[in-house]
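A.B. asks: Dropping a structure here in structure tokens format, bear with me for questions.
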Amino acid sequence: MSQFDVTVIGSGPGGYVAAIRAAQLGFKTAIIEKYPTMGGTCLNVGCIPSKALLDSSEHYHNAVHSFANHGILVDAPKADIARMVERKNEVVDQITTGIQFLMDKNKITVYQGVGSFEDATHVKVTKEDGSSEVLESKYVIIATGSKPSSLPFINIDKERIITSTEALNLKEIPKKFLVIGGGVIGLELGSVMLRLGSEVTVIEYMDKIIPGMDGALSKELQKVLKKQGMTFELSTAVSAVERNGDTVKVTAKNKKGEEVSFEGDYVLVSVGRKPYTDGLGLEKAGVDLDERGRVKVNEHLQTNVQNIYAIGDVIQGAMLAHKASEEGVLVAEQLAGQKPHINYNLIPGVVYTWPEVAGVGKTEEQLKAEGTAIKVGNFPMRALGRSRASGDIDGFIKIIADEKTDEVLGVHMIGARAADMIAAAVTAMEFRASAEDIARMSHAHPTFAEAIKEAALDATGKIAIHM
Ligand code: FAD
């Protein structure tokens with residue numbers, strides 16, 4: 001029987017990062033992945049492929065809508081979705097192969113098969129051909145991630161009634177693309193189709209899109225996407241989804257209580273994701289789940305069984321790749337006797353629409369509900385030279401600071417390259433910067449990041465220069 005110090009089940013951004021850190025710290029490490037490629041949801045059917053298609057569709061959209069304004073004249077461009085998906089697959093192949101390389105480099109033993117507990121220190125790997133092998137391990141890290149969830153009355157047929165996984169592999173551009181759920185995944189994939197020419201309707205149960213983010217971002221994003229042509233049906237509760245040949249029909253109740261229906265050729269069900277523990281044999285190890293089916297962990301990410309830990313989408317908290325990776329590192333370092341810490345308040349959230357949306361820290365709604373006295377600074381992207389030069393004038397940056405201490409409590413942005421700019425806010429907040437600290441730092445000109453400085457000037461004393 002093979003013996004390991006650490007065995008990780010699942011090779012997503014939680015699992016593979018945990019395995020690398022464990023190996024770096026000198027543990028004899030194994031990782032078990034049931035799919036033939038490494039990298040989990042994020043690399044295979046999540047973060048990376050969605051961004052590859054977002055980028056391709058953005059290029060196409062620019063060719064159709066912006067090139068002429070920049071003085072670039074091309075004959076009517078055509079979108080070749082087959083090539084876009086092929087390119088996306090090439091990107092995924094490069095990255096998943098890269099993870100395999102990292103496993104080899106760090107001398108991590110990779111097992112392909114389904115991992116399931118025999119007891120707390122033994123994990124069976126069942127391979128595709130039905131053969132199996134049991135590993136003995138001092139510690140086990142559960143990193144089995146999540147799967148798309150649905151509504152009980154929806155039958156996902158994976159052809160016309162689809163999840164994000166199928167939306168990343170469509171063979172044609174939908175004519176009418178219906179999206180159930182106005183969260184991050186629905187809006188990103190809705191954006192891809194919109195840019196490629198689909199009519200896109202987003203049906204959302206709540207009264208706003210991207211509900212977890214600062215309300216100002218939600219309003220602005222809806223406004224901008226509406227301008228781009230996306231239709232929103234908010235406060236609308238879907239009650240049925242039917243398929244008739246190549247047509248799908250979504251029936252719902254709108255906010256007035258009236259029955260409404262929408263027809264399209266594809267419907268994306270993006271109503272969230274659920275933790276994945278099927279076939280893991282948790283009961284054999286005695287590991288408890290919480291009321292929402294997530295593996296229950298304490299603040300050390302340790303389950304109720306002392307040598308078993310869990311990280312990423314399968315436990316509580318934001319379902320984000322970088323959150324999973326931070327947790328992987330934390331568990332490995334703890335096993336080595338270190339005392340790492342994750343500041344969950346500073347895990348940024350991003351939406352890769354264009355303009356991009358990003359936020360970190362507390363939202364204005366949260367701070368008001370807590371009764372914290374705050375000051376808010378805003379700066380519109382359109383007032384920047386860089387935005388004018390590129391033509392990306394939508395959006396703003398909002399900085400919320402404590403009224404008394406001036407400490408930055410939240411940074412929320414929508415605009416070109418917000419996904420990258422949010423890192424500056426995370427850095428500042430990690431070091432507990434005040435709005436004035438940011439306002440006094442030199443920001444290169446002309447950049448989109450100058451809006452951070454200007455919003456900080458506005459927050460600290462309503463002294464933005466270009467507004
Ligand atoms: P996963 O990545 O889900 O990996 C779990 C792995 O465990 C899988 O490979 C699975 O096959 C394997 N597994 C499960 N059970 C077993 C078993 N019993 N034995 C062996 N292997 C098993 N997050 C971001 O931060 N940024 C983004 O831009 C982003 N975009 C996304 C876009 C889409 C369309 C989707 C669907 C998700 C996106 N996410 C994004 C979310 C991100 O993918 C997840 O938060 C992240 O993958 C979670 O990592 P994880 O390691 O916990 O689990």
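Letters for chains follow the order of the structure tokens (A, B, ...), residue numbers begin at 1 for each chain, and ligand numbers begin at 1 in the order shown.
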Can you tell me which residues sit at most 6 Å away from ligand 1, counting only C-alpha atoms and all ligand atoms, written as a VMD selection string?

C.D. replies: chain A and resid 9 to 15 32 to 35 39 to 42 46 to 47 50 113 to 116 143 to 146 164 185 279 to 280 312 to 314 319 to 322 324

A.B. asks: Using only C-alpha atoms, which protein or nucleic acid residues come within 6 Å of region 93-98 of chain A? Drop anything in the same chain fewer than 3 positions from it, and give the result as a list in words.

C.D. replies: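 Everything that qualifies: Met38, Gly39, Glu90 and Phe101 of chain A.
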
A.B. asks: Determine, counting only C-alpha atoms, which protein, DNA and RNA residues have an atom within 8 Å of an atom of region 297-299 of chain A; residues of the same chain fewer than 4 positions away are not included. Present the result as a list in words.

C.D. replies: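 Selected residues are Thr303, Asn304, Tyr309, Ala310 and Ile315 of chain A.
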
A.B. asks: Could you take the residues named above and write them with N, CA and C atoms, as a PDB file, in the first residue's frame?

C.D. replies:
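Final output, saved to out.pdb:
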```pdb
ATOM      1  N   THR A 303     -11.873  19.512   9.511  1.00  0.00           N
ATOM      2  CA  THR A 303     -13.221  18.949   9.682  1.00  0.00           C
ATOM      3  C   THR A 303     -13.335  18.427  11.117  1.00  0.00           C
ATOM      4  N   ASN A 304     -14.470  17.792  11.420  1.00  0.00           N
ATOM      5  CA  ASN A 304     -14.630  17.221  12.766  1.00  0.00           C
ATOM      6  C   ASN A 304     -13.716  16.012  12.972  1.00  0.00           C
ATOM      7  N   TYR A 309      -8.929  17.782   6.399  1.00  0.00           N
ATOM      8  CA  TYR A 309      -9.188  19.211   6.183  1.00  0.00           C
ATOM      9  C   TYR A 309     -10.004  19.363   4.898  1.00  0.00           C
ATOM     10  N   ALA A 310     -10.608  20.524   4.718  1.00  0.00           N
ATOM     11  CA  ALA A 310     -11.350  20.768   3.472  1.00  0.00           C
ATOM     12  C   ALA A 310     -11.187  22.228   3.073  1.00  0.00           C
ATOM     13  N   ILE A 315     -16.461  23.978   0.822  1.00  0.00           N
ATOM     14  CA  ILE A 315     -16.747  24.499   2.170  1.00  0.00           C
ATOM     15  C   ILE A 315     -17.436  25.864   2.052  1.00  0.00           C
TER      16      ILE A 315
END
```

A.B. asks: How many Å lie between CA of Tyr111 (chain A) and CA of Gln316 (chain A), rounded to one decimal?

C.D. replies: 26.7 Å

A.B. asks: Find the spatial neighbours of Ser150 (chain A), counting only C-alpha atoms, within a cut-off of 9 Å - ignore same-chain residues fewer than 5 positions away - and output them as a count of residues only.

C.D. replies: 8

A.B. asks: Counting only C-alpha atoms, what is within 9 Å of Ser235 (chain A), bar same-chain residues fewer than 2 positions away, as a PyMOL selection string?

C.D. replies: chain A and resi 203-208+233+237+253-255

A.B. asks: May I ask which of the residues A:Thr372, A:Asn69, A:Ser2, A:Gln228 is the closest one to Val123 (chain A), counting only C-alpha atoms?

C.D. replies: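 Closest candidate: A:Ser2.
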
A.B. asks: Here is a test: counting only C-alpha atoms, which residue of A:Lys51, A:Glu283, A:Ala82, A:Val238 is nearest to Ala419 (chain A)?

C.D. replies: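 Using only C-alpha atoms, Ala419 (chain A) sits closest to A:Lys51.
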
A.B. asks: Please report, as a PDB file with C-alpha atoms, in the first residue's frame, each residue of region 31-187 of chain A to which DSSP assigns alpha helix (DSSP H) when run on this structure's backbone.

C.D. replies:
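Produced file selection02.pdb, reproduced below:
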```
ATOM      1  CA  GLY A  40     -10.678  21.289 -11.763  1.00  0.00           C
ATOM      2  CA  THR A  41     -13.629  23.474 -12.663  1.00  0.00           C
ATOM      3  CA  CYS A  42     -11.560  26.647 -12.912  1.00  0.00           C
ATOM      4  CA  LEU A  43      -9.117  25.502 -15.550  1.00  0.00           C
ATOM      5  CA  ASN A  44     -11.334  23.115 -17.503  1.00  0.00           C
ATOM      6  CA  VAL A  45     -14.866  24.541 -17.448  1.00  0.00           C
ATOM      7  CA  CYS A  47     -12.385  30.745 -15.048  1.00  0.00           C
ATOM      8  CA  ILE A  48      -9.969  30.100 -17.897  1.00  0.00           C
ATOM      9  CA  PRO A  49     -12.239  28.886 -20.731  1.00  0.00           C
ATOM     10  CA  SER A  50     -14.803  31.595 -19.950  1.00  0.00           C
ATOM     11  CA  LYS A  51     -12.114  34.266 -20.137  1.00  0.00           C
ATOM     12  CA  ALA A  52     -10.776  32.805 -23.402  1.00  0.00           C
ATOM     13  CA  LEU A  53     -14.239  33.126 -24.953  1.00  0.00           C
ATOM     14  CA  LEU A  54     -14.791  36.542 -23.376  1.00  0.00           C
ATOM     15  CA  ASP A  55     -11.570  37.739 -25.001  1.00  0.00           C
ATOM     16  CA  SER A  56     -12.405  36.264 -28.422  1.00  0.00           C
ATOM     17  CA  SER A  57     -15.908  37.714 -28.361  1.00  0.00           C
ATOM     18  CA  GLU A  58     -14.525  41.085 -27.239  1.00  0.00           C
ATOM     19  CA  HIS A  59     -12.145  41.185 -30.212  1.00  0.00           C
ATOM     20  CA  TYR A  60     -15.045  40.391 -32.531  1.00  0.00           C
ATOM     21  CA  HIS A  61     -17.264  42.995 -30.911  1.00  0.00           C
ATOM     22  CA  ASN A  62     -14.558  45.616 -31.254  1.00  0.00           C
ATOM     23  CA  ALA A  63     -14.008  44.681 -34.886  1.00  0.00           C
ATOM     24  CA  VAL A  64     -17.710  45.225 -35.544  1.00  0.00           C
ATOM     25  CA  HIS A  65     -18.336  48.243 -33.347  1.00  0.00           C
ATOM     26  CA  ILE A  81     -17.581  30.111 -33.016  1.00  0.00           C
ATOM     27  CA  ALA A  82     -16.016  26.750 -33.906  1.00  0.00           C
ATOM     28  CA  ARG A  83     -12.572  28.407 -34.022  1.00  0.00           C
ATOM     29  CA  MET A  84     -13.267  30.362 -30.845  1.00  0.00           C
ATOM     30  CA  VAL A  85     -14.113  27.139 -29.008  1.00  0.00           C
ATOM     31  CA  GLU A  86     -11.095  25.397 -30.561  1.00  0.00           C
ATOM     32  CA  ARG A  87      -8.811  28.220 -29.406  1.00  0.00           C
ATOM     33  CA  LYS A  88     -10.413  28.074 -25.956  1.00  0.00           C
ATOM     34  CA  ASN A  89      -9.616  24.340 -25.867  1.00  0.00           C
ATOM     35  CA  GLU A  90      -5.999  25.045 -26.855  1.00  0.00           C
ATOM     36  CA  VAL A  91      -5.701  27.532 -23.986  1.00  0.00           C
ATOM     37  CA  VAL A  92      -7.187  25.009 -21.548  1.00  0.00           C
ATOM     38  CA  ASP A  93      -4.823  22.285 -22.818  1.00  0.00           C
ATOM     39  CA  GLN A  94      -1.771  24.498 -22.332  1.00  0.00           C
ATOM     40  CA  ILE A  95      -2.762  25.386 -18.799  1.00  0.00           C
ATOM     41  CA  THR A  96      -3.853  21.944 -17.625  1.00  0.00           C
ATOM     42  CA  THR A  97      -0.644  20.464 -19.060  1.00  0.00           C
ATOM     43  CA  GLY A  98       1.220  23.128 -17.116  1.00  0.00           C
ATOM     44  CA  ILE A  99      -0.341  21.852 -13.879  1.00  0.00           C
ATOM     45  CA  GLN A 100       0.767  18.311 -14.689  1.00  0.00           C
ATOM     46  CA  PHE A 101       4.295  19.705 -15.180  1.00  0.00           C
ATOM     47  CA  LEU A 102       4.120  21.399 -11.770  1.00  0.00           C
ATOM     48  CA  MET A 103       3.046  18.115 -10.160  1.00  0.00           C
ATOM     49  CA  ASP A 104       6.065  16.358 -11.671  1.00  0.00           C
ATOM     50  CA  LYS A 105       8.403  19.207 -10.759  1.00  0.00           C
ATOM     51  CA  SER A 164     -22.050  26.969 -18.002  1.00  0.00           C
ATOM     52  CA  THR A 165     -20.182  23.797 -18.955  1.00  0.00           C
ATOM     53  CA  GLU A 166     -22.193  23.350 -22.169  1.00  0.00           C
ATOM     54  CA  ALA A 167     -22.308  27.105 -22.861  1.00  0.00           C
ATOM     55  CA  VAL A 184     -21.353  36.507 -12.335  1.00  0.00           C
ATOM     56  CA  ILE A 185     -21.464  33.377 -14.506  1.00  0.00           C
ATOM     57  CA  GLY A 186     -24.754  34.291 -16.207  1.00  0.00           C
ATOM     58  CA  LEU A 187     -23.577  37.805 -17.043  1.00  0.00           C
TER      59      LEU A 187
END
```

A.B. asks: Would you kindly return, as a list in words, each protein, DNA or RNA residue with an atom no farther than 10 Å from any atom of Gly212 (chain A), considering only C-alpha atoms and excluding same-chain residues fewer than 6 positions away?

C.D. replies: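 So, after excluding close chain neighbours, the residues are Gly183, Val184, Ser218, Gly349 and Thr363 of chain A.
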
A.B. asks: Please produce a file of those selected residues containing N, CA and C atoms, as an mmCIF file, in the first residue's frame.

C.D. replies:
```cif
data_model
loop_
_atom_site.group_PDB
_atom_site.id
_atom_site.type_symbol
_atom_site.label_atom_id
_atom_site.label_comp_id
_atom_site.auth_asym_id
_atom_site.auth_seq_id
_atom_site.Cartn_x
_atom_site.Cartn_y
_atom_site.Cartn_z
ATOM 1 N N GLY A 183 -26.207 36.494 -11.966
ATOM 2 C CA GLY A 183 -24.960 36.523 -11.195
ATOM 3 C C GLY A 183 -23.773 36.582 -12.134
ATOM 4 N N VAL A 184 -22.589 36.347 -11.570
ATOM 5 C CA VAL A 184 -21.353 36.507 -12.335
ATOM 6 C C VAL A 184 -21.329 35.608 -13.567
ATOM 7 N N SER A 218 -23.916 47.250 -9.184
ATOM 8 C CA SER A 218 -25.008 46.514 -9.796
ATOM 9 C C SER A 218 -25.818 47.423 -10.721
ATOM 10 N N GLY A 349 -13.707 40.226 -5.426
ATOM 11 C CA GLY A 349 -14.656 39.592 -6.346
ATOM 12 C C GLY A 349 -14.630 40.341 -7.672
ATOM 13 N N THR A 363 -19.248 46.432 1.379
ATOM 14 C CA THR A 363 -20.065 47.265 0.502
ATOM 15 C C THR A 363 -20.685 48.383 1.337
#
```

A.B. asks: What is the CA of Glu364 (chain A) to CA of Ile347 (chain A) distance in Å?

C.D. replies: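 For CA of Glu364 (chain A) relative to CA of Ile347 (chain A), the distance reads 16.6 Å.
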
A.B. asks: For Glu333 (chain A), which of A:Ile20, A:Met1, A:Leu367, A:Ala444 is the closest residue, counting only C-alpha atoms?

C.D. replies: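 Checking each candidate against Glu333 (chain A), we get A:Ile20 as the closest.
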
A.B. asks: List as a PyMOL selection string the protein and nucleic acid residues near Glu118 (chain A), meaning an atom at most 10 Å away when only C-alpha atoms are counted, but skip any in the same chain fewer than 4 places from it.

C.D. replies: chain A and resi 122-124+134-136+280-285

A.B. asks: Find the distance between CA of Leu196 (chain A) and CA of Trp354 (chain A) and write it in Å to one decimal.

C.D. replies: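 For CA of Leu196 (chain A) relative to CA of Trp354 (chain A), the distance reads 13.7 Å.
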
A.B. asks: What residues in region 147-223 of chain A get the DSSP label strand (DSSP E or B)? Please answer as a ChimeraX atom specification.

C.D. replies: /A:147-148,161-162,176-180,199-203
